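Structure data follow from query-v5.txt (compact mmCIF, N, CA and C atoms):
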# COMPACT_ATOMS: atom_id res chain seq x y z
N MET A 1 118.20 108.92 82.69
CA MET A 1 117.45 108.15 81.72
C MET A 1 117.09 106.79 82.31
N ALA A 2 115.84 106.40 82.15
CA ALA A 2 115.37 105.11 82.65
C ALA A 2 115.93 103.98 81.78
N GLY A 3 116.16 102.83 82.40
CA GLY A 3 116.65 101.66 81.68
C GLY A 3 115.86 100.43 82.03
N LEU A 4 115.98 99.40 81.19
CA LEU A 4 115.34 98.12 81.45
C LEU A 4 116.15 97.32 82.45
N ARG A 5 115.49 96.74 83.43
CA ARG A 5 116.14 95.78 84.32
C ARG A 5 115.85 94.37 83.82
N LEU A 6 114.58 94.11 83.45
CA LEU A 6 114.16 92.82 82.92
C LEU A 6 113.13 93.04 81.83
N GLY A 7 113.13 92.15 80.87
CA GLY A 7 112.12 92.22 79.82
C GLY A 7 112.70 92.80 78.55
N PRO A 8 111.87 92.95 77.58
CA PRO A 8 110.41 92.78 77.61
C PRO A 8 110.01 91.31 77.56
N LEU A 9 108.81 91.06 78.06
CA LEU A 9 108.24 89.73 78.05
C LEU A 9 106.81 89.85 77.53
N LEU A 10 106.50 89.09 76.50
CA LEU A 10 105.14 89.06 75.98
C LEU A 10 104.30 88.28 76.98
N ARG A 11 103.45 88.98 77.69
CA ARG A 11 102.72 88.42 78.83
C ARG A 11 101.40 87.77 78.43
N HIS A 12 100.70 88.38 77.46
CA HIS A 12 99.37 87.89 77.10
C HIS A 12 99.04 88.35 75.68
N VAL A 13 98.37 87.48 74.93
CA VAL A 13 97.81 87.84 73.63
C VAL A 13 96.35 87.43 73.64
N ASP A 14 95.48 88.34 73.23
CA ASP A 14 94.04 88.07 73.21
C ASP A 14 93.74 87.03 72.12
N ARG A 15 93.37 85.82 72.54
CA ARG A 15 93.08 84.76 71.58
C ARG A 15 91.68 84.85 71.01
N ASP A 16 90.77 85.56 71.67
CA ASP A 16 89.40 85.65 71.18
C ASP A 16 89.29 86.57 69.97
N ARG A 17 89.86 87.75 70.08
CA ARG A 17 89.75 88.72 68.98
C ARG A 17 91.05 88.86 68.21
N GLY A 18 92.19 88.59 68.84
CA GLY A 18 93.47 88.65 68.16
C GLY A 18 93.97 90.05 67.87
N ASP A 19 93.42 91.06 68.56
CA ASP A 19 93.82 92.44 68.24
C ASP A 19 94.54 93.16 69.37
N SER A 20 94.86 92.43 70.47
CA SER A 20 95.54 93.08 71.58
C SER A 20 96.47 92.10 72.29
N ALA A 21 97.42 92.69 73.02
CA ALA A 21 98.40 91.90 73.77
C ALA A 21 98.86 92.74 74.96
N THR A 22 99.64 92.13 75.85
CA THR A 22 100.23 92.83 76.98
C THR A 22 101.70 92.48 77.05
N VAL A 23 102.56 93.49 77.19
CA VAL A 23 104.00 93.30 77.31
C VAL A 23 104.42 93.77 78.69
N TRP A 24 105.22 92.96 79.40
CA TRP A 24 105.70 93.26 80.75
C TRP A 24 107.16 93.68 80.70
N VAL A 25 107.50 94.70 81.51
CA VAL A 25 108.90 95.11 81.69
C VAL A 25 109.12 95.49 83.15
N GLU A 26 110.39 95.37 83.58
CA GLU A 26 110.82 95.95 84.85
C GLU A 26 111.85 97.01 84.50
N THR A 27 111.71 98.19 85.10
CA THR A 27 112.62 99.30 84.83
C THR A 27 113.41 99.66 86.08
N ASP A 28 114.44 100.46 85.90
CA ASP A 28 115.27 100.81 87.06
C ASP A 28 114.79 102.06 87.80
N ARG A 29 113.73 102.70 87.30
CA ARG A 29 113.15 103.87 87.98
C ARG A 29 111.76 104.15 87.42
N PRO A 30 111.00 105.03 88.04
CA PRO A 30 109.67 105.35 87.50
C PRO A 30 109.81 106.00 86.12
N CYS A 31 108.90 105.66 85.21
CA CYS A 31 108.94 106.23 83.87
C CYS A 31 107.65 105.88 83.14
N THR A 32 107.57 106.31 81.89
CA THR A 32 106.49 105.90 81.00
C THR A 32 107.05 104.85 80.06
N ALA A 33 106.42 103.69 80.04
CA ALA A 33 106.84 102.59 79.17
C ALA A 33 105.92 102.55 77.96
N GLU A 34 106.52 102.36 76.78
CA GLU A 34 105.75 102.35 75.55
C GLU A 34 106.21 101.18 74.68
N VAL A 35 105.24 100.54 74.03
CA VAL A 35 105.52 99.52 73.02
C VAL A 35 105.02 100.06 71.70
N ARG A 36 105.90 100.09 70.69
CA ARG A 36 105.54 100.52 69.34
C ARG A 36 105.76 99.37 68.38
N CYS A 37 104.72 99.04 67.66
CA CYS A 37 104.81 97.94 66.69
C CYS A 37 105.04 98.50 65.29
N ALA A 38 105.68 97.68 64.44
CA ALA A 38 106.00 98.09 63.08
C ALA A 38 104.74 98.36 62.26
N ASP A 39 103.61 97.73 62.63
CA ASP A 39 102.37 97.93 61.86
C ASP A 39 101.50 99.07 62.40
N GLY A 40 102.01 99.84 63.36
CA GLY A 40 101.27 100.98 63.91
C GLY A 40 100.54 100.69 65.21
N ALA A 41 100.43 99.42 65.60
CA ALA A 41 99.82 99.10 66.89
C ALA A 41 100.75 99.55 68.00
N GLY A 42 100.23 99.67 69.22
CA GLY A 42 101.09 100.05 70.32
C GLY A 42 100.32 100.36 71.58
N GLY A 43 101.07 100.80 72.60
CA GLY A 43 100.48 101.16 73.87
C GLY A 43 101.49 101.87 74.74
N LEU A 44 100.99 102.55 75.76
CA LEU A 44 101.82 103.39 76.62
C LEU A 44 101.20 103.42 78.01
N VAL A 45 102.05 103.33 79.05
CA VAL A 45 101.54 103.31 80.42
C VAL A 45 102.66 103.75 81.37
N ARG A 46 102.29 104.32 82.52
CA ARG A 46 103.27 104.65 83.57
C ARG A 46 103.60 103.39 84.36
N THR A 47 104.82 103.33 84.85
CA THR A 47 105.21 102.21 85.69
C THR A 47 104.52 102.30 87.04
N PHE A 48 104.47 101.17 87.74
CA PHE A 48 103.99 101.13 89.12
C PHE A 48 105.10 100.52 89.96
N GLN A 49 105.04 100.74 91.27
CA GLN A 49 106.12 100.32 92.15
C GLN A 49 105.62 99.32 93.19
N ILE A 50 106.42 98.26 93.39
CA ILE A 50 106.17 97.28 94.44
C ILE A 50 107.52 96.97 95.08
N ALA A 51 107.63 97.21 96.38
CA ALA A 51 108.84 96.91 97.14
C ALA A 51 110.10 97.47 96.48
N GLY A 52 110.01 98.69 96.01
CA GLY A 52 111.17 99.36 95.42
C GLY A 52 111.47 98.99 93.98
N HIS A 53 110.67 98.10 93.38
CA HIS A 53 110.86 97.72 91.98
C HIS A 53 109.80 98.39 91.12
N HIS A 54 110.16 98.75 89.90
CA HIS A 54 109.26 99.48 89.00
C HIS A 54 108.89 98.59 87.82
N TYR A 55 107.58 98.41 87.63
CA TYR A 55 107.07 97.51 86.60
C TYR A 55 106.07 98.24 85.71
N ALA A 56 105.88 97.68 84.51
CA ALA A 56 104.82 98.16 83.63
C ALA A 56 104.22 96.97 82.91
N LEU A 57 102.91 96.97 82.82
CA LEU A 57 102.16 96.05 81.98
C LEU A 57 101.57 96.91 80.87
N VAL A 58 102.19 96.86 79.71
CA VAL A 58 101.82 97.75 78.61
C VAL A 58 100.75 97.09 77.75
N PRO A 59 99.53 97.66 77.71
CA PRO A 59 98.50 97.11 76.85
C PRO A 59 98.75 97.55 75.40
N VAL A 60 98.91 96.59 74.52
CA VAL A 60 99.16 96.86 73.10
C VAL A 60 97.86 96.62 72.36
N THR A 61 97.36 97.65 71.68
CA THR A 61 96.10 97.54 70.95
C THR A 61 96.33 97.89 69.48
N GLY A 62 95.38 97.48 68.66
CA GLY A 62 95.46 97.79 67.23
C GLY A 62 96.18 96.74 66.41
N LEU A 63 96.44 95.56 66.99
CA LEU A 63 97.09 94.49 66.23
C LEU A 63 96.12 93.97 65.17
N ALA A 64 96.67 93.52 64.04
CA ALA A 64 95.85 92.91 62.99
C ALA A 64 95.79 91.41 63.25
N PRO A 65 94.60 90.85 63.49
CA PRO A 65 94.48 89.41 63.75
C PRO A 65 95.11 88.59 62.63
N GLY A 66 95.79 87.50 63.02
CA GLY A 66 96.40 86.61 62.05
C GLY A 66 97.73 87.09 61.49
N THR A 67 98.37 88.06 62.17
CA THR A 67 99.64 88.59 61.68
C THR A 67 100.71 88.53 62.77
N THR A 68 101.96 88.71 62.35
CA THR A 68 103.09 88.83 63.25
C THR A 68 103.75 90.16 62.98
N THR A 69 104.02 90.95 64.03
CA THR A 69 104.63 92.26 63.85
C THR A 69 105.78 92.45 64.84
N ALA A 70 106.84 93.09 64.39
CA ALA A 70 107.98 93.41 65.25
C ALA A 70 107.61 94.58 66.15
N TYR A 71 108.25 94.64 67.33
CA TYR A 71 107.99 95.76 68.22
C TYR A 71 109.27 96.24 68.88
N GLU A 72 109.21 97.47 69.39
CA GLU A 72 110.30 98.05 70.16
C GLU A 72 109.73 98.61 71.45
N VAL A 73 110.59 98.78 72.46
CA VAL A 73 110.19 99.32 73.76
C VAL A 73 110.90 100.64 73.96
N LEU A 74 110.13 101.64 74.40
CA LEU A 74 110.67 102.96 74.71
C LEU A 74 110.37 103.28 76.17
N LEU A 75 111.32 103.90 76.85
CA LEU A 75 111.11 104.38 78.22
C LEU A 75 111.31 105.88 78.18
N ASP A 76 110.28 106.61 78.60
CA ASP A 76 110.29 108.08 78.53
C ASP A 76 110.69 108.57 77.15
N GLY A 77 110.20 107.87 76.11
CA GLY A 77 110.42 108.28 74.73
C GLY A 77 111.74 107.86 74.12
N VAL A 78 112.59 107.17 74.87
CA VAL A 78 113.90 106.73 74.38
C VAL A 78 113.87 105.22 74.14
N ARG A 79 114.24 104.80 72.93
CA ARG A 79 114.22 103.37 72.61
C ARG A 79 115.28 102.63 73.42
N VAL A 80 114.84 101.58 74.14
CA VAL A 80 115.75 100.77 74.95
C VAL A 80 115.76 99.30 74.50
N TRP A 81 114.83 98.94 73.61
CA TRP A 81 114.77 97.57 73.09
C TRP A 81 114.24 97.60 71.69
N PRO A 82 114.85 96.91 70.74
CA PRO A 82 116.00 96.05 70.88
C PRO A 82 117.27 96.85 71.14
N LEU A 83 118.26 96.16 71.68
CA LEU A 83 119.53 96.82 71.98
C LEU A 83 120.21 97.24 70.68
N PRO A 84 120.85 98.41 70.66
CA PRO A 84 121.56 98.86 69.46
C PRO A 84 122.62 97.84 69.03
N GLY A 85 122.67 97.55 67.75
CA GLY A 85 123.68 96.64 67.23
C GLY A 85 123.44 95.18 67.52
N SER A 86 122.28 94.83 68.06
CA SER A 86 121.99 93.44 68.37
C SER A 86 121.95 92.61 67.09
N GLY A 87 122.58 91.46 67.13
CA GLY A 87 122.55 90.56 65.99
C GLY A 87 121.36 89.63 65.99
N PHE A 88 120.50 89.75 67.01
CA PHE A 88 119.34 88.89 67.12
C PHE A 88 118.18 89.45 66.30
N PRO A 89 117.26 88.58 65.88
CA PRO A 89 116.08 89.08 65.17
C PRO A 89 115.22 89.93 66.10
N PRO A 90 114.35 90.78 65.56
CA PRO A 90 113.52 91.62 66.41
C PRO A 90 112.51 90.81 67.21
N SER A 91 112.11 91.35 68.34
CA SER A 91 111.02 90.74 69.13
C SER A 91 109.72 90.95 68.35
N THR A 92 108.84 89.96 68.43
CA THR A 92 107.58 90.04 67.67
C THR A 92 106.39 89.65 68.53
N ILE A 93 105.23 90.09 68.08
CA ILE A 93 103.95 89.68 68.65
C ILE A 93 103.18 89.02 67.53
N THR A 94 102.74 87.78 67.77
CA THR A 94 101.90 87.08 66.81
C THR A 94 100.47 87.12 67.32
N ALA A 95 99.62 87.77 66.56
CA ALA A 95 98.21 87.89 66.93
C ALA A 95 97.42 86.80 66.21
N PRO A 96 96.80 85.88 66.97
CA PRO A 96 96.06 84.80 66.33
C PRO A 96 94.84 85.32 65.58
N ALA A 97 94.36 84.51 64.66
CA ALA A 97 93.19 84.91 63.87
C ALA A 97 91.92 84.92 64.70
N GLY A 98 91.88 84.24 65.83
CA GLY A 98 90.69 84.19 66.68
C GLY A 98 90.44 82.78 67.16
N SER A 99 89.50 82.61 68.06
CA SER A 99 89.23 81.29 68.65
C SER A 99 87.86 80.78 68.24
N ALA A 100 87.52 79.63 68.79
CA ALA A 100 86.21 79.04 68.53
C ALA A 100 85.09 79.98 68.98
N ARG A 101 85.33 80.73 70.05
CA ARG A 101 84.30 81.67 70.54
C ARG A 101 84.04 82.77 69.53
N ALA A 102 85.01 83.03 68.68
CA ALA A 102 84.84 84.05 67.65
C ALA A 102 84.36 83.42 66.34
N GLY A 103 84.07 82.08 66.37
CA GLY A 103 83.56 81.41 65.19
C GLY A 103 84.64 81.03 64.19
N ARG A 104 85.86 80.79 64.65
CA ARG A 104 86.97 80.52 63.73
C ARG A 104 87.56 79.14 63.94
N GLY A 105 86.79 78.15 64.31
CA GLY A 105 87.33 76.80 64.46
C GLY A 105 87.68 76.47 65.89
N ALA A 106 88.27 75.30 66.08
CA ALA A 106 88.60 74.80 67.41
C ALA A 106 89.79 75.55 68.00
N GLU A 107 89.77 75.70 69.32
CA GLU A 107 90.89 76.33 70.02
C GLU A 107 92.08 75.39 70.02
N PRO A 108 93.29 75.93 69.86
CA PRO A 108 94.47 75.07 69.92
C PRO A 108 94.69 74.55 71.34
N ALA A 109 95.41 73.43 71.45
CA ALA A 109 95.74 72.87 72.76
C ALA A 109 96.61 73.85 73.52
N LEU A 110 96.40 73.96 74.81
CA LEU A 110 97.19 74.84 75.66
C LEU A 110 98.45 74.12 76.08
N ARG A 111 99.60 74.77 75.88
CA ARG A 111 100.88 74.20 76.29
C ARG A 111 101.55 75.18 77.24
N VAL A 112 102.02 74.66 78.36
CA VAL A 112 102.69 75.49 79.34
C VAL A 112 104.02 74.83 79.70
N ALA A 113 105.07 75.63 79.75
CA ALA A 113 106.37 75.12 80.17
C ALA A 113 106.86 76.01 81.31
N PHE A 114 107.49 75.39 82.32
CA PHE A 114 108.01 76.15 83.45
C PHE A 114 109.31 75.52 83.89
N GLY A 115 110.27 76.34 84.22
CA GLY A 115 111.53 75.83 84.74
C GLY A 115 112.13 76.85 85.68
N SER A 116 112.84 76.37 86.69
CA SER A 116 113.46 77.28 87.62
C SER A 116 114.62 76.59 88.32
N CYS A 117 115.66 77.36 88.57
CA CYS A 117 116.78 76.84 89.35
C CYS A 117 116.95 77.69 90.61
N ARG A 118 115.98 78.51 90.90
CA ARG A 118 116.06 79.41 92.04
C ARG A 118 115.55 78.74 93.30
N GLN A 119 116.26 78.94 94.39
CA GLN A 119 115.83 78.44 95.68
C GLN A 119 115.57 79.65 96.59
N ALA A 120 114.50 79.59 97.35
CA ALA A 120 114.21 80.69 98.27
C ALA A 120 115.23 80.74 99.39
N ALA A 121 115.71 79.60 99.83
CA ALA A 121 116.70 79.52 100.89
C ALA A 121 117.48 78.22 100.70
N PRO A 122 118.77 78.20 101.07
CA PRO A 122 119.51 76.94 100.93
C PRO A 122 118.93 75.87 101.84
N PRO A 123 119.03 74.60 101.41
CA PRO A 123 118.52 73.51 102.25
C PRO A 123 119.24 73.48 103.61
N THR A 124 118.53 73.17 104.65
CA THR A 124 119.10 73.13 106.00
C THR A 124 119.89 71.87 106.28
N ASP A 125 119.71 70.83 105.44
CA ASP A 125 120.41 69.57 105.69
C ASP A 125 121.78 69.49 105.02
N GLY A 126 122.22 70.56 104.38
CA GLY A 126 123.53 70.59 103.74
C GLY A 126 123.54 70.06 102.33
N SER A 127 122.41 69.53 101.84
CA SER A 127 122.36 69.02 100.47
C SER A 127 122.27 70.19 99.50
N ARG A 128 122.45 69.91 98.24
CA ARG A 128 122.38 70.94 97.21
C ARG A 128 120.95 71.16 96.71
N GLY A 129 119.98 70.41 97.23
CA GLY A 129 118.59 70.59 96.87
C GLY A 129 118.26 69.94 95.59
Reformat the file's structure so that it appears as structure tokens.
Amino acid sequence: MAGLRLGPLLRHVDRDRGDSATVWVETDRPCTAEVRCADGAGGLVRTFQIAGHHYALVPVTGLAPGTTTAYEVLLDGVRVWPLPGSGFPPSTITAPAGSARAGRGAEPALRVAFGSCRQAAPPTDGSRG
């Protein structure tokens, strides 16, 4: 049975139409990755391999613009997310109502946050970096 190594991660939400998104996962072997939403939206795709790692970018279609819906991830038809017995709230996708290009007002300000504690190699001068 295939399992999740990393993810799911909500990778992209269509801000123009608000009816689609992309969810990223890394799996421990080749499989079919599926996202099923509580409102009936969803998507399914085979994993691809890079340097021995298996990934999927699952296109989720059929979202209702302006709504938030819970989703689950299945690998080869077996639910792997959310974890059984998890006390956390379900993962969700929020589909915006649309952007200025769709005639729905001004686009919101873009906010990006990034953080990392990973080093490609330890410093050569003996410092902790």
Around all the atoms of stretch 17-31 of chain A listed in the file, draw an axis-aligned box and extend it by 4 Å on each of the six sides; I want its centre and edge lengths in Å to one decimal, as AutoDock Vina command-line options.
--center_x 102.5 --center_y 97.0 --center_z 78.0 --size_x 33.5 --size_y 26.5 --size_z 28.2
Exercise for the section: Report the distance between atom N of A:Thr47 and atom N of A:Thr61 in Å, rounded to one decimal place. Expected result: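 If I compute the distance from atom N of A:Thr47 to atom N of A:Thr61, I get 16.2 Å.
Each of A:Thr94, A:Thr32, A:Thr27, A:Ser20 was compared to A:Leu44 using all atoms listed in the file, and A:Thr32 turns out to be the nearest.
The closest residue to A:Glu34, picked from A:Gly77, A:Pro8, A:Pro65, A:Gly18 and counting all atoms listed in the file, is A:Gly77.
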Exercise for the section: Pick out the residues sitting within 8 Å of A:Arg29, and hand them over as an MDAnalysis selection string; count only C-alpha atoms, and ignore anything fewer than 5 positions along from it in its own chain. Expected result: chainID A and resid 2:3 53:54
Exercise for the section: Fewer than 4 positions away in the same chain doesn't count, so skip those; otherwise give me all residues within 12 Å of A:Tyr55, counting only C-alpha atoms, as a list in words. Expected result: Ala2, Gly3, Leu4, Arg5, Leu6, Gly7, Pro8, Leu9, Val23, Trp24, Val25, Glu26, Thr27, Asp28, Arg29, Pro30, Cys31, Thr32, Ala33, Val45, Arg46, Thr47, Phe48, Gln49, Ile50, Ala51 and Leu75 of chain A
Practice task
To one decimal in Å, tell me the separation between atom CA of A:Arg79 and atom CA of A:Cys37.
Solution key: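 Distance between the two atoms: 12.4 Å.
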How would stretch 70-93 of chain A look with N, CA, C and O atoms restored, written as an mmCIF file, in the coordinates of the input?
data_model
loop_
_atom_site.group_PDB
_atom_site.id
_atom_site.type_symbol
_atom_site.label_atom_id
_atom_site.label_comp_id
_atom_site.auth_asym_id
_atom_site.auth_seq_id
_atom_site.Cartn_x
_atom_site.Cartn_y
_atom_site.Cartn_z
ATOM 1 N N ALA A 70 106.840 93.090 64.390
ATOM 2 C CA ALA A 70 107.980 93.410 65.250
ATOM 3 C C ALA A 70 107.610 94.580 66.150
ATOM 4 O O ALA A 70 106.766 95.406 65.801
ATOM 5 N N TYR A 71 108.250 94.640 67.330
ATOM 6 C CA TYR A 71 107.990 95.760 68.220
ATOM 7 C C TYR A 71 109.270 96.240 68.880
ATOM 8 O O TYR A 71 110.267 95.521 68.948
ATOM 9 N N GLU A 72 109.210 97.470 69.390
ATOM 10 C CA GLU A 72 110.300 98.050 70.160
ATOM 11 C C GLU A 72 109.730 98.610 71.450
ATOM 12 O O GLU A 72 108.532 98.860 71.550
ATOM 13 N N VAL A 73 110.590 98.780 72.460
ATOM 14 C CA VAL A 73 110.190 99.320 73.760
ATOM 15 C C VAL A 73 110.900 100.640 73.960
ATOM 16 O O VAL A 73 112.107 100.752 73.739
ATOM 17 N N LEU A 74 110.130 101.640 74.400
ATOM 18 C CA LEU A 74 110.670 102.960 74.710
ATOM 19 C C LEU A 74 110.370 103.280 76.170
ATOM 20 O O LEU A 74 109.287 102.958 76.667
ATOM 21 N N LEU A 75 111.320 103.900 76.850
ATOM 22 C CA LEU A 75 111.110 104.380 78.220
ATOM 23 C C LEU A 75 111.310 105.880 78.180
ATOM 24 O O LEU A 75 112.366 106.365 77.752
ATOM 25 N N ASP A 76 110.280 106.610 78.600
ATOM 26 C CA ASP A 76 110.290 108.080 78.530
ATOM 27 C C ASP A 76 110.690 108.570 77.150
ATOM 28 O O ASP A 76 111.443 109.527 76.980
ATOM 29 N N GLY A 77 110.200 107.870 76.110
ATOM 30 C CA GLY A 77 110.420 108.280 74.730
ATOM 31 C C GLY A 77 111.740 107.860 74.120
ATOM 32 O O GLY A 77 112.007 108.148 72.956
ATOM 33 N N VAL A 78 112.590 107.170 74.870
ATOM 34 C CA VAL A 78 113.900 106.730 74.380
ATOM 35 C C VAL A 78 113.870 105.220 74.140
ATOM 36 O O VAL A 78 113.507 104.460 75.038
ATOM 37 N N ARG A 79 114.240 104.800 72.930
ATOM 38 C CA ARG A 79 114.220 103.370 72.610
ATOM 39 C C ARG A 79 115.280 102.630 73.420
ATOM 40 O O ARG A 79 116.458 103.005 73.412
ATOM 41 N N VAL A 80 114.840 101.580 74.140
ATOM 42 C CA VAL A 80 115.750 100.770 74.950
ATOM 43 C C VAL A 80 115.760 99.300 74.500
ATOM 44 O O VAL A 80 116.568 98.521 74.987
ATOM 45 N N TRP A 81 114.830 98.940 73.610
ATOM 46 C CA TRP A 81 114.770 97.570 73.090
ATOM 47 C C TRP A 81 114.240 97.600 71.690
ATOM 48 O O TRP A 81 113.257 98.292 71.451
ATOM 49 N N PRO A 82 114.850 96.910 70.740
ATOM 50 C CA PRO A 82 116.000 96.050 70.880
ATOM 51 C C PRO A 82 117.270 96.850 71.140
ATOM 52 O O PRO A 82 117.346 98.041 70.839
ATOM 53 N N LEU A 83 118.260 96.160 71.680
ATOM 54 C CA LEU A 83 119.530 96.820 71.980
ATOM 55 C C LEU A 83 120.210 97.240 70.680
ATOM 56 O O LEU A 83 120.158 96.521 69.674
ATOM 57 N N PRO A 84 120.850 98.410 70.660
ATOM 58 C CA PRO A 84 121.560 98.860 69.460
ATOM 59 C C PRO A 84 122.620 97.840 69.030
ATOM 60 O O PRO A 84 123.350 97.312 69.867
ATOM 61 N N GLY A 85 122.670 97.550 67.750
ATOM 62 C CA GLY A 85 123.680 96.640 67.230
ATOM 63 C C GLY A 85 123.440 95.180 67.520
ATOM 64 O O GLY A 85 124.308 94.341 67.238
ATOM 65 N N SER A 86 122.280 94.830 68.060
ATOM 66 C CA SER A 86 121.990 93.440 68.370
ATOM 67 C C SER A 86 121.950 92.610 67.090
ATOM 68 O O SER A 86 121.370 93.016 66.089
ATOM 69 N N GLY A 87 122.580 91.460 67.130
ATOM 70 C CA GLY A 87 122.550 90.560 65.990
ATOM 71 C C GLY A 87 121.360 89.630 65.990
ATOM 72 O O GLY A 87 121.214 88.796 65.099
ATOM 73 N N PHE A 88 120.500 89.750 67.010
ATOM 74 C CA PHE A 88 119.340 88.890 67.120
ATOM 75 C C PHE A 88 118.180 89.450 66.300
ATOM 76 O O PHE A 88 118.099 90.649 66.067
ATOM 77 N N PRO A 89 117.260 88.580 65.880
ATOM 78 C CA PRO A 89 116.080 89.080 65.170
ATOM 79 C C PRO A 89 115.220 89.930 66.100
ATOM 80 O O PRO A 89 115.329 89.807 67.334
ATOM 81 N N PRO A 90 114.350 90.780 65.560
ATOM 82 C CA PRO A 90 113.520 91.620 66.410
ATOM 83 C C PRO A 90 112.510 90.810 67.210
ATOM 84 O O PRO A 90 112.113 89.715 66.800
ATOM 85 N N SER A 91 112.110 91.350 68.340
ATOM 86 C CA SER A 91 111.020 90.740 69.130
ATOM 87 C C SER A 91 109.720 90.950 68.350
ATOM 88 O O SER A 91 109.536 91.977 67.704
ATOM 89 N N THR A 92 108.840 89.960 68.430
ATOM 90 C CA THR A 92 107.580 90.040 67.670
ATOM 91 C C THR A 92 106.390 89.650 68.530
ATOM 92 O O THR A 92 106.529 88.968 69.538
ATOM 93 N N ILE A 93 105.230 90.090 68.080
ATOM 94 C CA ILE A 93 103.950 89.680 68.650
ATOM 95 C C ILE A 93 103.180 89.020 67.530
ATOM 96 O O ILE A 93 103.006 89.603 66.459
#
